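File shown: final.cif. Contents: mmCIF, C-alpha atoms.
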```cif
data_upload
#
loop_
_atom_site.label_atom_id
_atom_site.label_comp_id
_atom_site.auth_asym_id
_atom_site.auth_seq_id
_atom_site.Cartn_x
_atom_site.Cartn_y
_atom_site.Cartn_z
CA MET Z 1 257.75 76.36 123.79
CA ASP Z 2 255.84 78.74 121.53
CA ASP Z 3 258.49 81.39 122.03
CA VAL Z 4 260.87 79.44 119.84
CA LYS Z 5 261.15 81.14 116.47
CA LEU Z 6 263.03 80.44 113.34
CA SER Z 7 264.25 84.05 113.68
CA LYS Z 8 266.14 82.98 116.77
CA VAL Z 9 267.89 80.29 114.80
CA PHE Z 10 268.84 82.80 112.12
CA ALA Z 11 269.96 85.34 114.70
CA ALA Z 12 272.00 82.71 116.52
CA LEU Z 13 273.75 81.76 113.29
CA ALA Z 14 274.31 85.36 112.23
CA ASP Z 15 277.44 85.54 114.36
CA PRO Z 16 280.49 84.04 112.61
CA ARG Z 17 281.95 82.84 115.92
CA ARG Z 18 278.77 80.95 116.73
CA ARG Z 19 278.76 79.48 113.24
CA ASP Z 20 282.30 78.23 113.92
CA MET Z 21 281.12 76.68 117.17
CA VAL Z 22 278.24 74.99 115.41
CA ALA Z 23 280.66 73.63 112.83
CA ARG Z 24 282.89 72.36 115.63
CA LEU Z 25 279.93 70.76 117.44
CA ALA Z 26 278.86 69.10 114.21
CA THR Z 27 281.92 66.84 114.52
CA SER Z 28 281.45 65.99 118.22
CA ASP Z 29 280.12 67.27 121.53
CA ALA Z 30 282.41 69.63 123.41
CA THR Z 31 282.48 71.40 126.75
CA VAL Z 32 282.56 75.16 127.10
CA GLY Z 33 286.19 74.80 128.17
CA GLU Z 34 287.07 72.85 125.05
CA LEU Z 35 285.27 75.34 122.82
CA SER Z 36 287.12 78.13 124.57
CA GLU Z 37 290.47 76.48 123.81
CA SER Z 38 289.77 75.55 120.22
CA HIS Z 39 288.41 79.01 119.37
CA ASP Z 40 290.84 81.01 121.47
CA VAL Z 41 287.98 82.84 123.19
CA SER Z 42 287.45 83.35 126.90
CA VAL Z 43 285.24 80.88 128.74
CA GLN Z 44 282.88 83.75 129.61
CA ALA Z 45 282.48 84.70 125.94
CA VAL Z 46 281.92 81.09 124.92
CA SER Z 47 279.31 80.72 127.66
CA LYS Z 48 277.39 83.69 126.27
CA HIS Z 49 277.50 82.30 122.74
CA VAL Z 50 276.42 78.87 123.95
CA LYS Z 51 273.48 80.44 125.80
CA VAL Z 52 272.29 82.06 122.54
CA LEU Z 53 272.61 78.73 120.72
CA VAL Z 54 270.73 76.93 123.50
CA ASP Z 55 267.95 79.56 123.49
CA ALA Z 56 267.58 79.07 119.76
CA GLY Z 57 267.20 75.32 120.23
CA LEU Z 58 270.33 74.63 118.20
CA VAL Z 59 272.42 73.32 121.09
CA SER Z 60 271.57 71.44 124.24
CA GLN Z 61 273.58 70.87 127.41
CA SER Z 62 272.97 67.86 129.57
CA ARG Z 63 271.97 68.98 133.03
CA ASP Z 64 273.41 66.28 135.23
CA ALA Z 65 276.75 65.46 133.67
CA GLN Z 66 279.43 67.38 135.45
CA ARG Z 67 281.20 68.37 132.26
CA ARG Z 68 277.95 69.58 130.70
CA PRO Z 69 279.08 68.99 127.14
CA CYS Z 70 277.34 71.03 124.43
CA HIS Z 71 275.48 68.95 121.88
CA LEU Z 72 274.39 70.17 118.46
CA GLU Z 73 270.72 69.51 117.78
CA ALA Z 74 271.37 68.52 114.20
CA GLU Z 75 267.68 68.05 113.45
CA VAL Z 76 266.87 71.69 114.12
CA PHE Z 77 269.84 72.74 112.06
CA ASP Z 78 268.88 70.42 109.19
CA LEU Z 79 265.26 71.53 109.27
CA MET Z 80 266.26 75.15 108.86
CA THR Z 81 268.70 74.30 106.11
CA LYS Z 82 266.00 72.27 104.38
CA TRP Z 83 263.53 75.14 104.48
CA ILE Z 84 265.98 77.55 102.96
CA GLU Z 85 266.99 74.99 100.37
CA ARG Z 86 263.37 74.43 99.36
CA TYR Z 87 262.87 78.16 98.98
CA ARG Z 88 266.07 78.33 96.98
CA GLN Z 89 264.97 75.50 94.70
CA GLN Z 90 261.70 77.28 94.00
CA ALA Z 91 263.61 80.43 93.09
CA GLN Z 92 265.98 78.36 90.98
CA ALA Z 93 263.09 76.76 89.08
CA ARG Z 94 261.57 80.21 88.48
CA TYR Z 95 264.83 81.58 87.13
CA GLU Z 96 265.34 78.57 84.87
CA ARG Z 97 261.96 79.40 83.33
CA LEU Z 98 263.21 82.95 82.95
CA ASP Z 99 266.35 81.59 81.23
CA ALA Z 100 264.11 79.94 78.65
CA VAL Z 101 262.12 83.14 78.07
CA LEU Z 102 265.32 85.13 77.67
CA ALA Z 103 266.73 82.58 75.22
CA ASP Z 104 263.54 82.91 73.16
CA MET Z 105 263.87 86.66 73.15
CA ALA Z 106 267.45 86.43 71.93
CA ASP Z 107 266.42 84.04 69.14
CA GLY Z 108 263.57 86.29 68.11
CA GLY Z 109 265.99 89.14 67.63
CA HIS Z 110 264.14 91.48 69.96
CA ALA Z 111 265.87 94.25 71.83
CA THR Z 112 269.65 94.04 71.59
CA PRO Z 113 270.49 90.88 69.68
CA THR Z 114 273.31 89.35 71.67
CA ARG Z 115 275.16 86.24 70.75
CA HIS Z 116 273.91 83.53 73.01
CA ILE Z 117 276.52 80.83 73.26
CA GLN Z 118 275.01 77.51 74.17
CA ARG Z 119 276.95 75.62 76.74
CA GLY Z 120 277.64 71.97 75.96
CA ALA Z 121 274.91 69.98 77.61
CA ALA Z 122 277.17 67.22 78.85
CA SER Z 123 280.47 69.03 79.20
CA MET I 1 268.12 68.04 83.76
CA THR I 2 271.26 66.49 82.41
CA THR I 3 273.46 69.48 83.00
CA ASN I 4 274.63 71.33 86.02
CA THR I 5 276.05 74.22 84.06
CA ARG I 6 272.97 76.28 84.89
CA HIS I 7 273.54 79.38 86.92
CA GLN I 8 272.56 78.81 90.52
CA VAL I 9 270.66 81.23 92.69
CA THR I 10 272.17 82.15 96.04
CA ILE I 11 270.04 83.19 98.99
CA GLU I 12 270.95 85.16 102.04
CA ALA I 13 268.79 85.97 105.04
CA ASP I 14 270.07 89.21 106.50
CA PRO I 15 270.68 88.95 110.27
CA THR I 16 270.18 92.68 110.93
CA VAL I 17 267.13 93.62 108.82
CA PRO I 18 264.18 91.39 107.84
CA ALA I 19 265.29 90.93 104.27
CA ILE I 20 265.95 88.07 101.88
CA ARG I 21 268.58 88.69 99.23
CA MET I 22 268.99 86.61 96.12
CA THR I 23 271.61 86.76 93.42
CA ARG I 24 271.46 85.00 90.07
CA ASP I 25 273.41 85.36 86.81
CA PHE I 26 271.75 85.26 83.39
CA ASP I 27 273.01 84.87 79.84
CA ALA I 28 271.13 87.98 78.75
CA THR I 29 271.54 91.72 78.73
CA PRO I 30 270.11 94.00 81.42
CA ALA I 31 267.68 95.32 78.78
CA GLN I 32 266.38 91.81 78.10
CA LEU I 33 265.96 91.11 81.80
CA MET I 34 264.15 94.40 82.18
CA ARG I 35 261.74 93.40 79.40
CA ALA I 36 261.16 89.97 80.93
CA HIS I 37 260.20 91.71 84.17
CA THR I 38 258.07 94.49 82.75
CA GLU I 39 256.26 93.04 79.72
CA PRO I 40 253.26 91.17 81.10
CA GLU I 41 253.13 88.38 78.52
CA LEU I 42 256.82 87.61 79.09
CA PHE I 43 256.55 87.93 82.87
CA ALA I 44 253.56 85.56 83.00
CA ARG I 45 255.59 82.88 81.27
CA TRP I 46 258.14 82.46 84.03
CA VAL I 47 256.98 83.90 87.34
CA GLY I 48 254.45 81.32 88.49
CA PRO I 49 255.33 78.09 90.21
CA ASP I 50 255.62 75.08 87.90
CA GLY I 51 252.25 73.75 86.92
CA MET I 52 250.47 77.01 87.68
CA ASP I 53 248.96 79.39 85.17
CA THR I 54 249.63 83.05 85.72
CA ARG I 55 246.90 85.42 84.61
CA ILE I 56 247.78 89.09 84.62
CA LEU I 57 244.79 91.18 85.63
CA GLU I 58 246.37 94.62 85.87
CA TRP I 59 249.75 95.71 84.66
CA ASP I 60 251.26 99.18 84.39
CA ALA I 61 255.02 98.73 84.64
CA THR I 62 255.86 102.41 84.96
CA THR I 63 256.92 104.44 87.96
CA GLY I 64 253.79 104.83 90.06
CA GLY I 65 251.91 102.10 88.20
CA ARG I 66 250.37 98.98 89.67
CA TRP I 67 250.07 95.27 88.99
CA ARG I 68 247.85 92.37 89.93
CA TYR I 69 247.95 88.76 88.88
CA VAL I 70 246.49 85.42 89.83
CA ALA I 71 248.32 82.10 89.87
CA GLY I 72 246.00 79.13 89.54
CA ARG I 73 246.13 75.37 89.72
CA ASP I 74 243.29 72.83 89.95
CA GLY I 75 240.69 75.51 90.45
CA GLU I 76 242.60 77.12 93.30
CA ASP I 77 243.68 80.71 92.77
CA TYR I 78 246.33 82.69 94.57
CA GLY I 79 246.24 86.41 93.96
CA PHE I 80 249.08 88.89 94.28
CA HIS I 81 249.18 92.64 93.85
CA GLY I 82 251.44 95.62 94.33
CA SER I 83 252.75 98.91 93.00
CA PHE I 84 255.66 99.80 90.79
CA HIS I 85 257.40 102.40 92.91
CA GLU I 86 260.17 102.93 90.40
CA VAL I 87 260.86 101.42 87.01
CA GLY I 88 264.29 102.61 85.86
CA THR I 89 266.66 101.32 83.22
CA ASP I 90 268.46 98.78 85.38
CA ARG I 91 266.36 98.83 88.54
CA ILE I 92 262.80 98.04 89.59
CA VAL I 93 261.44 98.92 93.02
CA GLN I 94 258.02 97.49 93.72
CA THR I 95 255.73 96.32 96.49
CA PHE I 96 254.43 92.77 96.74
CA THR I 97 251.38 91.54 98.66
CA PHE I 98 249.79 88.10 98.72
CA ASP I 99 246.01 88.63 98.68
CA GLY I 100 245.67 85.99 101.39
CA GLN I 101 247.68 88.19 103.74
CA PRO I 102 246.63 91.69 102.71
CA GLU I 103 248.22 93.36 105.74
CA SER I 104 251.69 92.14 104.78
CA VAL I 105 253.67 94.03 102.20
CA ALA I 106 257.17 93.34 100.95
CA LEU I 107 259.35 95.97 99.34
CA GLU I 108 261.26 94.42 96.47
CA THR I 109 264.29 95.94 94.84
CA LEU I 110 265.59 94.32 91.67
CA THR I 111 268.87 95.45 90.20
CA PHE I 112 270.29 94.27 86.90
CA GLU I 113 274.06 94.46 87.03
CA ASP I 114 275.70 94.40 83.61
CA LEU I 115 278.54 91.86 83.61
CA GLY I 116 279.40 92.48 79.95
CA ASP I 117 279.45 89.89 77.15
CA GLY I 118 275.66 89.66 77.25
CA ARG I 119 275.59 88.56 80.87
CA THR I 120 273.73 90.12 83.76
CA ARG I 121 273.66 89.58 87.51
CA LEU I 122 270.25 89.98 89.09
CA HIS I 123 270.18 91.21 92.68
CA ALA I 124 266.75 90.79 94.23
CA GLN I 125 266.04 92.03 97.73
CA SER I 126 262.74 91.52 99.54
CA LEU I 127 262.30 93.59 102.68
CA VAL I 128 259.36 92.78 104.94
CA ASP I 129 258.19 94.40 108.17
CA SER I 130 259.24 91.81 110.71
CA PHE I 131 261.70 88.99 111.16
CA GLU I 132 258.77 86.67 111.86
CA GLY I 133 257.26 87.61 108.52
CA ARG I 134 260.57 87.13 106.74
CA ASP I 135 261.19 83.75 108.30
CA GLN I 136 257.64 82.59 107.63
CA TRP I 137 258.16 83.53 104.05
CA LEU I 138 261.40 81.66 103.88
CA ALA I 139 259.97 78.68 105.70
CA SER I 140 256.83 78.42 103.65
CA GLY I 141 257.49 78.75 99.99
CA MET I 142 254.02 78.79 98.58
CA GLU I 143 253.07 75.15 98.67
CA THR I 144 253.42 74.20 102.29
CA GLY I 145 251.55 75.77 105.16
CA VAL I 146 253.59 78.02 107.36
CA ASP I 147 251.86 76.71 110.46
CA GLN I 148 252.78 73.20 109.48
CA GLY I 149 256.41 74.22 109.27
CA TYR I 150 256.36 75.94 112.62
CA ALA I 151 254.44 73.10 114.23
CA LYS I 152 257.20 70.78 113.13
CA LEU I 153 259.88 72.98 114.60
CA ASP I 154 257.90 73.44 117.80
CA ALA I 155 257.45 69.71 118.15
CA LEU I 156 261.11 69.17 117.57
CA ILE I 157 262.16 71.77 120.12
CA ALA I 158 259.68 70.42 122.65
CA GLU I 159 261.39 67.03 122.46
CA LEU I 160 264.76 68.40 123.36
#
```

This entry written out as structure tokens:
Amino acid sequence: MDDVKLSKVFAALADPRRRDMVARLATSDATVGELSESHDVSVQAVSKHVKVLVDAGLVSQSRDAQRRPCHLEAEVFDLMTKWIERYRQQAQARYERLDAVLADMADGGHATPTRHIQRGAAS
Amino acid sequence: MTTNTRHQVTIEADPTVPAIRMTRDFDATPAQLMRAHTEPELFARWVGPDGMDTRILEWDATTGGRWRYVAGRDGEDYGFHGSFHEVGTDRIVQTFTFDGQPESVALETLTFEDLGDGRTRLHAQSLVDSFEGRDQWLASGMETGVDQGYAKLDALIAEL
């Protein structure tokens, strides 16, 4: 399965309708028919969206069951979310260091001396 | 940290172009943010990952200038270099390359939006040349191997 790419997961989740479906599937499995009803979209359209989600590895459909309910592969979803969150935390840490540098600059009276109002630490 | 009043960074991976967009507010003026991004001794104090020393080797933060720095920890060095395409009053456009992947270049656009009252919103966009590159970037951070990340996802998908 080397053709599976994180890009596919992003692309699959780029569509707001598919994001809604993922949110719906996060609560419980559902058939294409049920998704069609709850999202007021034609069965054909839902089938197309589901195919994209399946290709991305986000959703699976059991082969033998007649109803073929769609199942969210929460692990794939969580893994992606975790990656982005780690990246975000690194950026956050970097910008908190920048906060400190900027606060120093304000104290030192460089550039335009702006009033820096300290927020209450425990408010 | 005992407080959660810090401004939080938001991240968005664009579905249509291989870009990462970040937004973050600061209690500082656009001019101060510009200085923190263009004066090497200020920049070196915040850019590197925690626990890493940043050593600026070249720095000419003017339109058409170039930069190069090394981030080091425990004897391991990671080098980065690029060009300042444009250094304006509230905008910096620059390229960014990790020496370990010299063929990859990101185009970074930083905009400092004045919110008034000594506050500024930073918009940072990194545009790379492929979605794979973008997603690797996003998946890797700097500390964990990209391959490791992908191997994990592959293994997971294979189990399905």

* To do: Might you pull out every residue within 10 Å of Arg17 (chain Z), with all atoms listed in the file counted and same-chain residues fewer than 6 positions away left off, and present them as a list of chain:residue names?
  =>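 So, after excluding close chain neighbours, the residues are Z:Ala23, Z:His39, Z:Val41, Z:Val46, Z:His49.
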
* **Selected residue, from Z:Val32, Z:Leu98, Z:Gln92, Z:Val59, that lies nearest to Gln44 (chain Z) when counting all atoms listed in the file** => Z:Val32

* Selection result for the PyMOL selection byres ((chain I and resi 108) around 9) on this file, as JSON, numbers by chain -> {"I": [92, 93, 94, 95, 96, 106, 107, 109, 110, 124, 125, 126, 127, 128]}

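Taking CA of Glu132 (chain I) and CA of Gly65 (chain I) as endpoints, the distance between them is 29.1 Å.
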
* Asked: In Å, how far is it from CA of Ala28 (chain I) to CA of Gly118 (chain I)?
  ->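 Pair CA of Ala28 (chain I) / CA of Gly118 (chain I) returns 5.1 Å.
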
* Any idea what the distance is between CA of His123 (chain I) and CA of Glu39 (chain I)? ->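 These atoms are spaced 19.1 Å apart.
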
* Asked: Which of these, I:Val105, I:Phe43, I:Glu58, I:Arg91, has the shortest distance to Gly133 (chain I) once you count only C-alpha atoms?
  -> I:Val105

Listed atoms of region 23-32 of chain Z boxed axis-aligned with 5 Å per side, centre + edges as lines of an AutoDock Vina configuration file:
```
center_x = 280.9
center_y = 70.6
center_z = 120.0
size_x = 14.0
size_y = 19.2
size_z = 24.3
```

* Identify, on the basis of all atoms listed in the file, every residue whose closest approach to Gly48 (chain I) does not exceed 8 Å; exclude the query and any residue fewer than 6 positions from it along the same chain; express the result as an MDAnalysis selection string. => (chainID Z and resid 94) or (chainID I and resid 54 71)

Could those residues be written to a file, using C-alpha atoms, as an mmCIF file, keeping the file's coordinate frame?
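Final output, saved to part.cif:
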```
data_model
loop_
_atom_site.group_PDB
_atom_site.id
_atom_site.type_symbol
_atom_site.label_atom_id
_atom_site.label_comp_id
_atom_site.auth_asym_id
_atom_site.auth_seq_id
_atom_site.Cartn_x
_atom_site.Cartn_y
_atom_site.Cartn_z
ATOM 1 C CA ARG Z 94 261.570 80.210 88.480
ATOM 2 C CA THR I 54 249.630 83.050 85.720
ATOM 3 C CA ALA I 71 248.320 82.100 89.870
#
```

* Among the residues Z:Leu102, Z:Leu79, Z:Asp107, Z:Lys48, the one that comes closest to Arg18 (chain Z) [using all atoms listed in the file] -> Z:Lys48

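Comparing the minimum interatomic distances between chain I and each of Z:Cys70, Z:Gly57, Z:Val50, Z:Ala26, counting all atoms listed in the file, we find that Z:Gly57 sits nearest.
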
* Which residue, I:Met34, I:Leu122, I:Leu138, I:Met52, has the smallest gap to chain Z when you use all atoms listed in the file? -> I:Leu138

* Which one is closest to chain Z: I:Pro49, I:Gly116, I:Pro40, I:Gly64? Count all atoms listed in the file. ->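 Of all the options, I:Pro49 lies closest to chain Z.
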
* Answer key for the PyMOL selection byres ((chain Z and resi 5-11) around 8), residues as number ranges by chain -> Z: 2-4, 12-15, 53, 55-58, 80; I: 13, 15, 131-132, 135

* To do: Excluding Asp78 (chain Z) and any residue of its chain fewer than 4 positions from it, enumerate the residues within 12 Å of it, using only C-alpha atoms, and give them as a ChimeraX atom specification.
  => /Z:9,26,58,72-74,82-86 /I:153,156
